[in-house]
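Visitor: Sharing a structure with you now.
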Amino acid sequence: MPDRKGWKGAKRQTSAKRSLARFVFVLSALVIGVCAFQRDGFSSVATFVEQGSDNLKDPKVISEGARLFATNCGNAYCHGTGGAGGGAPRVRGRDLEAKYVFRSIVNGIPGSAMPSFKNELSEQQIWSVVAFVTSDSKTTPIAEPSKASPPVSSANKSIESPAAESPTLTGNPQAGKAIFFDSSKPKSCHACHSINGEGTAIGPDLSGLSSRPASDLLLSVILPRQVADKRFETVTITLRNGDKVIGVKKDDDSEAIRVYDTTELPAVLRTIQKTDLVKVESSKDSVMPKDYASLYTVNQILDLISFLKSSSQDKRSVTLRDLFDK
Amino acid sequence: MSISENTLSKTVAVARAILVITLILVGQVAAQDGNGDVTGERLVNARKEPQNWATYFGTYDAWRYSPLDQIRADNVKNLVSVWAFQTGKVEGGLNATPIVVDGIMYLIASEDRVFALNAENGERLWTYNYKVPRDLVSPYGKFNRGVAVGYGLVFFGTMDNHVVALDAKTGKEVWNVEVEDVKKCGCNINGAPFIVKDKLIVGGTGGDSAHRGYINAFNAKTGRLAWRFYTIPGPGEPGHESWGGTEMWKFGGGSTWLTGSYDPALNLIYWGIGNPSSDFNNSVRPGENLYTNCIVAIDADTGTLKWYYQEIPHDAWDFDSAYESVLIDVTRSGKTEKLLVHPNKSGFVWVLDRVTGKFINAWPYVDTITWVKSIDKEGKLIGRNEPEAGKPNLICPNWGGGRSWNHSAYSPRTGFWYNDGIEWCANVTVLPQEAREGRSFVAGNVDVKPPPDGPIRSHLDAFDPVTGQKKWSLPFKYPILSSLLVTAGDLLFTGDAEGHFLAFDAKTGKQLWSFSTGSGHRGGPITYSVKGRQYVAVPSGLGSIFVSSMPRTWPEAAGWPGGSTVFVFALPDRK
C-alpha cells in the first residue's frame, strides 16, 4: 500500500533529520495543544491530530473503549448497548467524526442531556471511547457484559468521609463540600453562593478563595460584615400596596426590577413591575444569615473552610489554630 | 305579637334565602366570565365546574373524567376541528395536558414556553418564554407535562429545576425559586405541579441519577418553601435502615416525576415514588429501599407521612411506582370502601385502602410478566426474577413499562377503568456502576426483545378497577403514548403514536371517530365548555425519553414527524 510505504520511507531518515523532525513535531504539538486547551478546556486535540487514525483503529484501544462505553454511555437511558441507541441517540455506525465525538464527550452538548465527562474519564480513556464509537459497528464486537468489570471504589468514600473521627481538629474538605451543598438545610451555603460553577449565585461566587486566610473566612461565615461590592447590597423595595421586599437585586429593565427575596431561605426571585413600585432603598448590610456560629459545630466550620480553601496548592489541612491566626 | 314576630322572621328568612341565591348566581356568573379566581377550595369542587379542566388530572382523584355530555356516541362522528394552535418548536414534542379555566386555556410546551389562549377560538392572549441557560445539560429532556393555575398565577417547573409563577392575566413572571442546582442533583421538573389549599405541590425527576428525591410544597402566593418530603429517610428517621447502612440513601433516586392525587376529606396527598437507583444493580443498596416504589400518603398541611405501601421492595427492574394514583370509592357488600387504584410500570395494578394503606389486591394489566411469578394475597412478591451481572436475563415487561407514564381514565358511569398495555420484554444485564452525585446511575444494559409468544404489540383495555376483570380490549401495533379521557357522553378519547386522534364507545370499545393530526400523541386530551358549547382539545407532537428510544424497536418510528400543536374539536355550530 503506497501510504504504508511512504511511512516506512520516513523511518529510513538519518537520525539528525529525525531529531529535527521530532523537535518540530513537539513544538507544533505544544502550540496546537495550547490552542486546543483554550478552546476545549482540555488539552487533547493535538494528540488527536498527531495520533491520527492509526491509534483509533488499534483493536486494544477499541476494546478498552467498548468496556468504558458499556458502563459510562451504554445504559438503557443513554446510548444503549453497544451505542445502538436508547433514550439518547444511536452513536455507532453513523460515520461520526472522531474529533466531534471527542469534543462532545469532553464538553457535553449543552441543550441536550449529554453531560461533560471531563471529570469522569481521563483524556486517554475518552480517546478509547472515541475509538470504539467510530469503529465499524458491523465487525467490532461490543463489550461482553462479563468483561465490563465493575468499578471497585464505593461512592461514600469519594463524596464524604466523616471528619468527626479526626483527633486533631483538622478540617476535611470533602465533609465541607457536603455541608456546602447540603440540600436538606435551607441555610446551606449553595442556596446563595456558587463555587467552581455549582450552586446559586445570589451572593458572591466563592471560587478561588484558597489564598484567603482561614481566620478571615471564619469571620465572613460567622460575623457577616458590610458588603464592599455594590451588587450584593441589601435593597428594600416598597410596593404601592405597602408591602416591602428585602433582598439582593438581580437585574432590572425598563419594565421591572428583579430581586432575590432573602428574608427566608431558599430565596425567592421576585419580579416587581415598576408600575407597582414606590421606593427602592439600599444599604451596605449583608443579607447573609447571622446565626452560622450556632448552626455549625467548630468541626463543621473547619470542614467548610477547608473546602473553601481546597483548590490551594498548599495541601496543608486547616486546623483550629489557623482559624485564629492572623 | 307573636304572629307578627313569626311573620317578620319568615320575611327575614325569605330575604336571606334570596340574598344567598343571588350571591351564588353572581358567583357562578363571575366564575363563567373569568372573574373568579381559582382557589384550593374551588379545586376541591372541580367536578361541579365541568366547563373547566382546572387541574392536571381534571379533578384531584385523577379520574380524567368529565361530566360533559353534549358530545356522545351518536353524534361524535359530526365533530369538526374549530381551531388549532402551533407552539412553534417541535423538539421535545407536546407532552402537556392543557388547563382550561373560565374560557382561557393555559398550555406549556417544550423548553418551558407557556401560552394563554382564548379557549373558544384559539386566539393567543400572551406568550412567556422561559430563559433556559445556554450551557444547560438537561438530563430529563426539554418537554413539560403541564402547568397549575390558581390565585391569579400560572405555575410550572423548569428544565433547570426552578419553579416559576406567572401573572395569569399578563404572563409576566411574579416569582421564581431554584429548587436545586441541576449540575449537583442531575434532576429537573417536567411533571405538572398542582394546587392543594394554599400550597403548590411539586415533584421532580432524578430517579435514574445519583440523587435523593423529594416532594416540595410552596406557598402558592409567595413562593416560600412550606415543606419538603424526602422520599428517602435520612439518618435517624424511620425507614433509614432500609438502605442497609450504606451511603446509598443519598443517591438512591426515589424521584417524584409525575403528579400526585389528593383526598380533601382525609387531607392526604397520594404520590407514587419512583425507582431506586442504581436502577438495575440492587446489590449496592441492601434492604427494602424505602420509600422508593411506594405509594405514600402525606398530610397536605405539614408534609408528614401518614402511611406508605411499598409495591416492589428492593427494586431491580426500574419499575417506578411513579404513575397516577386513581382514587375510587367502591361499594361492596353494602360497605363503601375508599380505594386507591395504582398502575405500576411492572404490568401490575395495585389496589389499596387509601385510608390505611392496606393491601387489597394486585392484578396484571399486561399478559407477559416474567419479573415475578406471582403476587400473593398479602401483596408479597413470589419468585423474583432479577437481572444479573455477566449474563442477559429476559425480563417482561421491560424497563419501558407495561405502559408508559401517559395516564389512565375512570368513568363512574361505566365503572370501568381504562388503560393501555404493551407486551414486550428485554434482555437486561447488570453493569455495576459507581455513584457520582447528580450523574446517571442506571447500572444496566437493556436490549428490547419481543415476548416469547409473539411480536411486540400493544392494546387499549377497559377493566374492573378492583378485580382486574377485562371488559373489552382493542389491539394496537404501537404503544398508546397519549393519556386517556372519558366523558359522561360515554366516549373514550385518546391519540395513537402515528397521530390519529380517536374516539371510542366507552361501553364497548367500538371505534367511532378518527382525525389525523399529522404527528403522534404524547400529551393529555381534555374536554371543556365555553358558553354552553363542549370542546375536546388534544395536544399532538411526539417527543420524550420513551419516544427517542422507539426507533430501536420500531425502525420506522425514526421517520415519524415531530410536532407541537393543540387541535380543538366541537360539534358544528348551529348558529
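Residue numbers start at 1 in each chain; chains themselves are named A, B, ... in the order of the C-alpha cells; ligands are numbered from 1 in the order shown.
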Using only C-alpha atoms, determine which residues lie at most 7 Å from Cys189 (chain A), disregarding the query and same-chain residues fewer than 4 positions distant; provide the list as a list of chain:residue names.
Guide: A:Phe180, A:Phe181, A:His193
Visitor: Could those residues be written to a file, using N, CA and C atoms, as an mmCIF file, in the first residue's frame?
Guide:
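Done, and the output landed in selection.cif:
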data_model
loop_
_atom_site.group_PDB
_atom_site.id
_atom_site.type_symbol
_atom_site.label_atom_id
_atom_site.label_comp_id
_atom_site.auth_asym_id
_atom_site.auth_seq_id
_atom_site.Cartn_x
_atom_site.Cartn_y
_atom_site.Cartn_z
ATOM 1 N N PHE A 180 -21.538 22.387 52.399
ATOM 2 C CA PHE A 180 -21.790 23.495 51.474
ATOM 3 C C PHE A 180 -23.016 23.203 50.602
ATOM 4 N N PHE A 181 -23.111 21.953 50.137
ATOM 5 C CA PHE A 181 -24.176 21.597 49.184
ATOM 6 C C PHE A 181 -25.321 20.814 49.815
ATOM 7 N N HIS A 193 -24.676 30.883 47.271
ATOM 8 C CA HIS A 193 -23.326 31.046 46.723
ATOM 9 C C HIS A 193 -23.011 29.950 45.722
#
Visitor: Pull out every residue of chain B sitting within 7 Å of chain A, counting only C-alpha atoms, and send them as a count of residues only.
Guide: 38
Visitor: As a PyMOL selection string, which residues of region 162-400 of chain B does DSSP assign to helix (DSSP H, G or I)?
Guide: chain B and resi 182-185+240-243+247-250+282-284
Visitor: Using only C-alpha atoms, determine which residues lie at most 8 Å from region 200-211 of chain B, disregarding the query and same-chain residues fewer than 3 positions distant; provide the list as an MDAnalysis selection string.
Guide: chainID B and resid 140 157 161 185:196 214:220 250:259 274:279 435:442
Visitor: Name the residues in contact with Ser215 (chain A) at a cut-off of 12 Å, using only C-alpha atoms, excluding same-chain residues fewer than 6 positions from it; report them as a list in words.
Guide: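 Here the qualifying residues turn out to be Val221, Ile222, Leu223, Ile301, Leu302, Ile305, Ser306, Lys309, Val318, Thr319, Leu320, Arg321, Asp322, Leu323, Phe324, Asp325 and Lys326 of chain A.
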Visitor: Take the residues that were just selected and, keeping N, CA and C atoms, output them as a PDB file, in the first residue's frame.
Guide:
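Resulting contents of result35.pdb:
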ATOM      1  N   VAL A 221     -17.944  33.892  57.676  1.00  0.00           N
ATOM      2  CA  VAL A 221     -19.023  32.923  57.872  1.00  0.00           C
ATOM      3  C   VAL A 221     -19.853  33.271  59.105  1.00  0.00           C
ATOM      4  N   ILE A 222     -19.168  33.549  60.212  1.00  0.00           N
ATOM      5  CA  ILE A 222     -19.938  33.698  61.455  1.00  0.00           C
ATOM      6  C   ILE A 222     -20.331  35.135  61.792  1.00  0.00           C
ATOM      7  N   LEU A 223     -19.622  36.102  61.222  1.00  0.00           N
ATOM      8  CA  LEU A 223     -19.954  37.505  61.506  1.00  0.00           C
ATOM      9  C   LEU A 223     -20.066  38.299  60.202  1.00  0.00           C
ATOM     10  N   ILE A 301     -17.345  23.943  60.814  1.00  0.00           N
ATOM     11  CA  ILE A 301     -16.808  25.188  60.261  1.00  0.00           C
ATOM     12  C   ILE A 301     -15.401  24.958  59.714  1.00  0.00           C
ATOM     13  N   LEU A 302     -14.623  24.134  60.423  1.00  0.00           N
ATOM     14  CA  LEU A 302     -13.283  23.777  59.929  1.00  0.00           C
ATOM     15  C   LEU A 302     -13.386  23.046  58.580  1.00  0.00           C
ATOM     16  N   ILE A 305     -14.361  25.583  55.833  1.00  0.00           N
ATOM     17  CA  ILE A 305     -13.261  26.469  55.448  1.00  0.00           C
ATOM     18  C   ILE A 305     -12.201  25.684  54.692  1.00  0.00           C
ATOM     19  N   SER A 306     -11.995  24.434  55.095  1.00  0.00           N
ATOM     20  CA  SER A 306     -11.057  23.585  54.349  1.00  0.00           C
ATOM     21  C   SER A 306     -11.534  23.408  52.920  1.00  0.00           C
ATOM     22  N   LYS A 309     -10.972  26.527  50.876  1.00  0.00           N
ATOM     23  CA  LYS A 309      -9.560  26.723  50.563  1.00  0.00           C
ATOM     24  C   LYS A 309      -8.968  25.550  49.784  1.00  0.00           C
ATOM     25  N   VAL A 318      -6.570  22.712  57.127  1.00  0.00           N
ATOM     26  CA  VAL A 318      -6.885  23.835  58.003  1.00  0.00           C
ATOM     27  C   VAL A 318      -7.117  23.285  59.409  1.00  0.00           C
ATOM     28  N   THR A 319      -6.431  23.859  60.366  1.00  0.00           N
ATOM     29  CA  THR A 319      -6.581  23.403  61.756  1.00  0.00           C
ATOM     30  C   THR A 319      -7.260  24.478  62.584  1.00  0.00           C
ATOM     31  N   LEU A 320      -7.613  24.106  63.801  1.00  0.00           N
ATOM     32  CA  LEU A 320      -8.273  25.049  64.700  1.00  0.00           C
ATOM     33  C   LEU A 320      -7.407  26.290  64.886  1.00  0.00           C
ATOM     34  N   ARG A 321      -6.095  26.076  65.003  1.00  0.00           N
ATOM     35  CA  ARG A 321      -5.163  27.177  65.195  1.00  0.00           C
ATOM     36  C   ARG A 321      -5.260  28.192  64.041  1.00  0.00           C
ATOM     37  N   ASP A 322      -5.402  27.664  62.824  1.00  0.00           N
ATOM     38  CA  ASP A 322      -5.459  28.553  61.643  1.00  0.00           C
ATOM     39  C   ASP A 322      -6.628  29.536  61.720  1.00  0.00           C
ATOM     40  N   LEU A 323      -7.683  29.105  62.398  1.00  0.00           N
ATOM     41  CA  LEU A 323      -8.861  29.963  62.465  1.00  0.00           C
ATOM     42  C   LEU A 323      -8.587  31.251  63.239  1.00  0.00           C
ATOM     43  N   PHE A 324      -7.588  31.203  64.107  1.00  0.00           N
ATOM     44  CA  PHE A 324      -7.307  32.376  64.933  1.00  0.00           C
ATOM     45  C   PHE A 324      -6.002  33.052  64.553  1.00  0.00           C
ATOM     46  N   ASP A 325      -5.315  32.514  63.570  1.00  0.00           N
ATOM     47  CA  ASP A 325      -4.014  33.003  63.171  1.00  0.00           C
ATOM     48  C   ASP A 325      -4.175  34.158  62.194  1.00  0.00           C
ATOM     49  N   LYS A 326      -3.765  35.335  62.636  1.00  0.00           N
ATOM     50  CA  LYS A 326      -3.869  36.473  61.729  1.00  0.00           C
ATOM     51  C   LYS A 326      -2.688  36.454  60.778  1.00  0.00           C
TER      52      LYS A 326
END
Visitor: Give me, as a PDB file with N, CA, C and O atoms, in the first residue's frame, all polymer residues having an atom no more than 12 Å from Val566 (chain B), counting only C-alpha atoms and skipping those fewer than 2 positions away in the same chain.
Guide:
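Written out: selection-v3.pdb:
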ATOM      1  N   SER B  81     -63.025  20.248  13.448  1.00  0.00           N
ATOM      2  CA  SER B  81     -61.903  20.971  14.042  1.00  0.00           C
ATOM      3  C   SER B  81     -62.249  22.452  14.040  1.00  0.00           C
ATOM      4  O   SER B  81     -62.558  23.014  12.990  1.00  0.00           O
ATOM      5  N   VAL B  82     -62.234  23.086  15.219  1.00  0.00           N
ATOM      6  CA  VAL B  82     -62.631  24.501  15.271  1.00  0.00           C
ATOM      7  C   VAL B  82     -61.430  25.442  15.357  1.00  0.00           C
ATOM      8  O   VAL B  82     -61.497  26.583  14.939  1.00  0.00           O
ATOM      9  N   TRP B  83     -60.344  25.000  15.953  1.00  0.00           N
ATOM     10  CA  TRP B  83     -59.115  25.779  15.898  1.00  0.00           C
ATOM     11  C   TRP B  83     -57.925  24.889  16.225  1.00  0.00           C
ATOM     12  O   TRP B  83     -58.079  23.800  16.777  1.00  0.00           O
ATOM     13  N   ALA B  84     -56.753  25.379  15.865  1.00  0.00           N
ATOM     14  CA  ALA B  84     -55.514  24.691  16.218  1.00  0.00           C
ATOM     15  C   ALA B  84     -54.514  25.750  16.624  1.00  0.00           C
ATOM     16  O   ALA B  84     -54.587  26.892  16.169  1.00  0.00           O
ATOM     17  N   PHE B  85     -53.599  25.377  17.511  1.00  0.00           N
ATOM     18  CA  PHE B  85     -52.560  26.324  17.922  1.00  0.00           C
ATOM     19  C   PHE B  85     -51.211  25.637  17.835  1.00  0.00           C
ATOM     20  O   PHE B  85     -51.006  24.578  18.422  1.00  0.00           O
ATOM     21  N   GLN B  86     -50.280  26.260  17.091  1.00  0.00           N
ATOM     22  CA  GLN B  86     -48.945  25.692  16.930  1.00  0.00           C
ATOM     23  C   GLN B  86     -47.989  26.426  17.859  1.00  0.00           C
ATOM     24  O   GLN B  86     -47.902  27.645  17.819  1.00  0.00           O
ATOM     25  N   THR B  87     -47.267  25.668  18.670  1.00  0.00           N
ATOM     26  CA  THR B  87     -46.384  26.333  19.638  1.00  0.00           C
ATOM     27  C   THR B  87     -45.081  26.787  18.992  1.00  0.00           C
ATOM     28  O   THR B  87     -44.366  27.609  19.555  1.00  0.00           O
ATOM     29  N   GLY B  88     -44.725  26.222  17.840  1.00  0.00           N
ATOM     30  CA  GLY B  88     -43.602  26.764  17.101  1.00  0.00           C
ATOM     31  C   GLY B  88     -42.286  26.017  17.217  1.00  0.00           C
ATOM     32  O   GLY B  88     -41.374  26.282  16.449  1.00  0.00           O
ATOM     33  N   GLY B  93     -41.537  17.636  21.463  1.00  0.00           N
ATOM     34  CA  GLY B  93     -42.960  17.330  21.270  1.00  0.00           C
ATOM     35  C   GLY B  93     -43.865  18.186  22.124  1.00  0.00           C
ATOM     36  O   GLY B  93     -43.500  19.280  22.567  1.00  0.00           O
ATOM     37  N   LEU B  94     -45.077  17.684  22.341  1.00  0.00           N
ATOM     38  CA  LEU B  94     -46.047  18.387  23.196  1.00  0.00           C
ATOM     39  C   LEU B  94     -46.601  17.362  24.178  1.00  0.00           C
ATOM     40  O   LEU B  94     -47.495  16.593  23.846  1.00  0.00           O
ATOM     41  N   ASN B  95     -46.028  17.327  25.363  1.00  0.00           N
ATOM     42  CA  ASN B  95     -46.379  16.312  26.365  1.00  0.00           C
ATOM     43  C   ASN B  95     -47.439  16.781  27.352  1.00  0.00           C
ATOM     44  O   ASN B  95     -47.852  16.043  28.227  1.00  0.00           O
ATOM     45  N   ALA B  96     -47.842  18.029  27.234  1.00  0.00           N
ATOM     46  CA  ALA B  96     -48.664  18.632  28.286  1.00  0.00           C
ATOM     47  C   ALA B  96     -50.123  18.223  28.235  1.00  0.00           C
ATOM     48  O   ALA B  96     -50.637  17.781  27.212  1.00  0.00           O
ATOM     49  N   THR B  97     -50.770  18.385  29.372  1.00  0.00           N
ATOM     50  CA  THR B  97     -52.221  18.411  29.469  1.00  0.00           C
ATOM     51  C   THR B  97     -52.576  19.890  29.643  1.00  0.00           C
ATOM     52  O   THR B  97     -52.111  20.513  30.596  1.00  0.00           O
ATOM     53  N   PRO B  98     -53.377  20.458  28.722  1.00  0.00           N
ATOM     54  CA  PRO B  98     -53.735  21.875  28.892  1.00  0.00           C
ATOM     55  C   PRO B  98     -54.646  22.040  30.113  1.00  0.00           C
ATOM     56  O   PRO B  98     -55.324  21.106  30.516  1.00  0.00           O
ATOM     57  N   MET B 105     -57.387  28.881  28.006  1.00  0.00           N
ATOM     58  CA  MET B 105     -56.550  27.695  28.037  1.00  0.00           C
ATOM     59  C   MET B 105     -55.115  28.102  28.346  1.00  0.00           C
ATOM     60  O   MET B 105     -54.581  29.027  27.737  1.00  0.00           O
ATOM     61  N   TYR B 106     -54.506  27.388  29.309  1.00  0.00           N
ATOM     62  CA  TYR B 106     -53.099  27.611  29.659  1.00  0.00           C
ATOM     63  C   TYR B 106     -52.328  26.375  29.212  1.00  0.00           C
ATOM     64  O   TYR B 106     -52.671  25.254  29.592  1.00  0.00           O
ATOM     65  N   LEU B 107     -51.287  26.605  28.413  1.00  0.00           N
ATOM     66  CA  LEU B 107     -50.578  25.490  27.801  1.00  0.00           C
ATOM     67  C   LEU B 107     -49.089  25.693  27.967  1.00  0.00           C
ATOM     68  O   LEU B 107     -48.579  26.810  27.799  1.00  0.00           O
ATOM     69  N   ILE B 108     -48.372  24.611  28.283  1.00  0.00           N
ATOM     70  CA  ILE B 108     -46.911  24.697  28.328  1.00  0.00           C
ATOM     71  C   ILE B 108     -46.348  23.750  27.277  1.00  0.00           C
ATOM     72  O   ILE B 108     -46.831  22.634  27.116  1.00  0.00           O
ATOM     73  N   ALA B 109     -45.348  24.229  26.546  1.00  0.00           N
ATOM     74  CA  ALA B 109     -44.712  23.420  25.514  1.00  0.00           C
ATOM     75  C   ALA B 109     -43.240  23.245  25.861  1.00  0.00           C
ATOM     76  O   ALA B 109     -42.755  23.780  26.866  1.00  0.00           O
ATOM     77  N   PHE B 115     -48.274  29.483  27.183  1.00  0.00           N
ATOM     78  CA  PHE B 115     -49.201  30.267  26.366  1.00  0.00           C
ATOM     79  C   PHE B 115     -50.553  30.351  27.067  1.00  0.00           C
ATOM     80  O   PHE B 115     -50.998  29.383  27.679  1.00  0.00           O
ATOM     81  N   LEU B 117     -54.461  31.086  25.897  1.00  0.00           N
ATOM     82  CA  LEU B 117     -55.236  31.143  24.658  1.00  0.00           C
ATOM     83  C   LEU B 117     -56.703  31.308  24.986  1.00  0.00           C
ATOM     84  O   LEU B 117     -57.181  30.785  26.005  1.00  0.00           O
ATOM     85  N   ALA B 119     -59.988  29.954  24.804  1.00  0.00           N
ATOM     86  CA  ALA B 119     -60.326  28.540  24.594  1.00  0.00           C
ATOM     87  C   ALA B 119     -61.431  28.361  23.564  1.00  0.00           C
ATOM     88  O   ALA B 119     -61.670  27.259  23.074  1.00  0.00           O
ATOM     89  N   ASN B 121     -61.654  30.265  20.582  1.00  0.00           N
ATOM     90  CA  ASN B 121     -61.223  30.452  19.198  1.00  0.00           C
ATOM     91  C   ASN B 121     -59.714  30.317  18.997  1.00  0.00           C
ATOM     92  O   ASN B 121     -59.215  30.501  17.895  1.00  0.00           O
ATOM     93  N   GLY B 122     -58.986  30.035  20.053  1.00  0.00           N
ATOM     94  CA  GLY B 122     -57.543  29.811  19.917  1.00  0.00           C
ATOM     95  C   GLY B 122     -56.710  31.068  19.859  1.00  0.00           C
ATOM     96  O   GLY B 122     -55.487  31.010  19.735  1.00  0.00           O
ATOM     97  N   PHE B 501     -56.178  11.030  16.286  1.00  0.00           N
ATOM     98  CA  PHE B 501     -56.968  11.280  17.486  1.00  0.00           C
ATOM     99  C   PHE B 501     -58.221  10.427  17.352  1.00  0.00           C
ATOM    100  O   PHE B 501     -58.913  10.473  16.336  1.00  0.00           O
ATOM    101  N   THR B 517     -53.891  14.055  12.918  1.00  0.00           N
ATOM    102  CA  THR B 517     -53.306  15.354  13.276  1.00  0.00           C
ATOM    103  C   THR B 517     -51.907  15.543  12.711  1.00  0.00           C
ATOM    104  O   THR B 517     -51.311  16.612  12.861  1.00  0.00           O
ATOM    105  N   GLY B 518     -51.301  14.509  12.150  1.00  0.00           N
ATOM    106  CA  GLY B 518     -50.010  14.675  11.496  1.00  0.00           C
ATOM    107  C   GLY B 518     -48.785  14.371  12.333  1.00  0.00           C
ATOM    108  O   GLY B 518     -47.699  14.226  11.805  1.00  0.00           O
ATOM    109  N   SER B 519     -48.943  14.291  13.641  1.00  0.00           N
ATOM    110  CA  SER B 519     -47.817  13.863  14.483  1.00  0.00           C
ATOM    111  C   SER B 519     -48.383  13.090  15.669  1.00  0.00           C
ATOM    112  O   SER B 519     -49.516  13.336  16.109  1.00  0.00           O
ATOM    113  N   GLY B 520     -47.604  12.163  16.162  1.00  0.00           N
ATOM    114  CA  GLY B 520     -48.061  11.273  17.226  1.00  0.00           C
ATOM    115  C   GLY B 520     -48.457  11.999  18.493  1.00  0.00           C
ATOM    116  O   GLY B 520     -48.109  13.160  18.704  1.00  0.00           O
ATOM    117  N   HIS B 521     -49.197  11.294  19.356  1.00  0.00           N
ATOM    118  CA  HIS B 521     -49.777  11.924  20.543  1.00  0.00           C
ATOM    119  C   HIS B 521     -49.053  11.475  21.802  1.00  0.00           C
ATOM    120  O   HIS B 521     -48.858  10.288  22.039  1.00  0.00           O
ATOM    121  N   ARG B 522     -48.649  12.458  22.634  1.00  0.00           N
ATOM    122  CA  ARG B 522     -47.894  12.166  23.856  1.00  0.00           C
ATOM    123  C   ARG B 522     -48.449  12.940  25.049  1.00  0.00           C
ATOM    124  O   ARG B 522     -47.989  12.791  26.164  1.00  0.00           O
ATOM    125  N   GLY B 523     -49.428  13.816  24.836  1.00  0.00           N
ATOM    126  CA  GLY B 523     -49.945  14.649  25.921  1.00  0.00           C
ATOM    127  C   GLY B 523     -51.267  14.148  26.456  1.00  0.00           C
ATOM    128  O   GLY B 523     -51.582  12.966  26.363  1.00  0.00           O
ATOM    129  N   GLY B 524     -52.032  15.054  27.034  1.00  0.00           N
ATOM    130  CA  GLY B 524     -53.299  14.681  27.650  1.00  0.00           C
ATOM    131  C   GLY B 524     -54.472  15.392  27.003  1.00  0.00           C
ATOM    132  O   GLY B 524     -54.609  16.609  27.132  1.00  0.00           O
ATOM    133  N   PRO B 525     -55.356  14.650  26.280  1.00  0.00           N
ATOM    134  CA  PRO B 525     -56.561  15.283  25.751  1.00  0.00           C
ATOM    135  C   PRO B 525     -57.495  15.681  26.898  1.00  0.00           C
ATOM    136  O   PRO B 525     -57.518  15.022  27.936  1.00  0.00           O
ATOM    137  N   ILE B 526     -58.204  16.773  26.707  1.00  0.00           N
ATOM    138  CA  ILE B 526     -59.148  17.244  27.735  1.00  0.00           C
ATOM    139  C   ILE B 526     -60.454  17.668  27.058  1.00  0.00           C
ATOM    140  O   ILE B 526     -60.503  17.801  25.827  1.00  0.00           O
ATOM    141  N   VAL B 536     -63.345  19.510  22.683  1.00  0.00           N
ATOM    142  CA  VAL B 536     -62.358  18.488  23.048  1.00  0.00           C
ATOM    143  C   VAL B 536     -61.024  18.964  22.474  1.00  0.00           C
ATOM    144  O   VAL B 536     -60.943  19.305  21.295  1.00  0.00           O
ATOM    145  N   ALA B 537     -60.001  19.023  23.335  1.00  0.00           N
ATOM    146  CA  ALA B 537     -58.691  19.510  22.890  1.00  0.00           C
ATOM    147  C   ALA B 537     -57.664  18.401  23.028  1.00  0.00           C
ATOM    148  O   ALA B 537     -57.662  17.671  24.026  1.00  0.00           O
ATOM    149  N   VAL B 538     -56.802  18.267  22.019  1.00  0.00           N
ATOM    150  CA  VAL B 538     -55.757  17.242  22.099  1.00  0.00           C
ATOM    151  C   VAL B 538     -54.411  17.811  21.659  1.00  0.00           C
ATOM    152  O   VAL B 538     -54.305  18.430  20.611  1.00  0.00           O
ATOM    153  N   PRO B 539     -53.379  17.634  22.488  1.00  0.00           N
ATOM    154  CA  PRO B 539     -52.031  18.016  22.085  1.00  0.00           C
ATOM    155  C   PRO B 539     -51.484  16.956  21.132  1.00  0.00           C
ATOM    156  O   PRO B 539     -51.645  15.757  21.369  1.00  0.00           O
ATOM    157  N   SER B 540     -50.846  17.390  20.067  1.00  0.00           N
ATOM    158  CA  SER B 540     -50.236  16.472  19.112  1.00  0.00           C
ATOM    159  C   SER B 540     -48.763  16.826  18.987  1.00  0.00           C
ATOM    160  O   SER B 540     -48.404  18.001  18.909  1.00  0.00           O
ATOM    161  N   GLY B 541     -47.902  15.816  18.966  1.00  0.00           N
ATOM    162  CA  GLY B 541     -46.464  16.075  18.846  1.00  0.00           C
ATOM    163  C   GLY B 541     -45.667  15.108  19.701  1.00  0.00           C
ATOM    164  O   GLY B 541     -45.707  15.184  20.916  1.00  0.00           O
ATOM    165  N   GLY B 563     -43.942  17.346  16.145  1.00  0.00           N
ATOM    166  CA  GLY B 563     -44.997  18.352  16.090  1.00  0.00           C
ATOM    167  C   GLY B 563     -45.190  18.964  17.450  1.00  0.00           C
ATOM    168  O   GLY B 563     -44.616  18.498  18.436  1.00  0.00           O
ATOM    169  N   SER B 564     -45.962  20.027  17.509  1.00  0.00           N
ATOM    170  CA  SER B 564     -46.304  20.635  18.792  1.00  0.00           C
ATOM    171  C   SER B 564     -47.507  21.541  18.577  1.00  0.00           C
ATOM    172  O   SER B 564     -47.384  22.753  18.457  1.00  0.00           O
ATOM    173  N   VAL B 568     -58.408  21.480  18.494  1.00  0.00           N
ATOM    174  CA  VAL B 568     -59.630  21.574  19.285  1.00  0.00           C
ATOM    175  C   VAL B 568     -60.836  21.254  18.395  1.00  0.00           C
ATOM    176  O   VAL B 568     -60.929  21.743  17.256  1.00  0.00           O
ATOM    177  N   PHE B 569     -61.727  20.426  18.925  1.00  0.00           N
ATOM    178  CA  PHE B 569     -62.883  19.956  18.166  1.00  0.00           C
ATOM    179  C   PHE B 569     -64.178  20.292  18.904  1.00  0.00           C
ATOM    180  O   PHE B 569     -64.194  20.410  20.131  1.00  0.00           O
TER     181      PHE B 569
END
Visitor: Compile the contact shell of Lys345 (chain B) as a JSON list (two decimals) with N, CA, C and O atoms, in the first residue's frame: residues with an atom at most 7 Å away, counting only C-alpha atoms, same-chain residues fewer than 6 positions apart removed.
Guide:
[["chain", "number", "residue", "atom", "x", "y", "z"],
["B", 319, "PHE", "N", -38.83, -0.46, 37.96],
["B", 319, "PHE", "CA", -40.29, -0.43, 37.95],
["B", 319, "PHE", "C", -40.81, 0.62, 38.93],
["B", 319, "PHE", "O", -41.32, 0.32, 40.02],
["B", 320, "ASP", "N", -40.68, 1.87, 38.51],
["B", 320, "ASP", "CA", -41.23, 3.01, 39.26],
["B", 320, "ASP", "C", -42.66, 2.76, 39.72],
["B", 320, "ASP", "O", -43.43, 2.15, 39.02],
["B", 321, "SER", "N", -42.98, 3.36, 40.83],
["B", 321, "SER", "CA", -44.40, 3.47, 41.20],
["B", 321, "SER", "C", -44.91, 4.87, 40.87],
["B", 321, "SER", "O", -45.86, 5.35, 41.46],
["B", 401, "GLY", "N", -41.79, -0.31, 30.62],
["B", 401, "GLY", "CA", -43.02, -0.49, 31.37],
["B", 401, "GLY", "C", -44.11, -1.24, 30.62],
["B", 401, "GLY", "O", -44.15, -1.26, 29.39],
["B", 402, "GLY", "N", -45.01, -1.85, 31.39],
["B", 402, "GLY", "CA", -46.21, -2.46, 30.83],
["B", 402, "GLY", "C", -47.04, -1.39, 30.14],
["B", 402, "GLY", "O", -47.91, -1.67, 29.32],
["B", 403, "ARG", "N", -46.78, -0.14, 30.52],
["B", 403, "ARG", "CA", -47.24, 1.02, 29.76],
["B", 403, "ARG", "C", -46.32, 2.17, 30.14],
["B", 403, "ARG", "O", -45.53, 2.04, 31.08]]
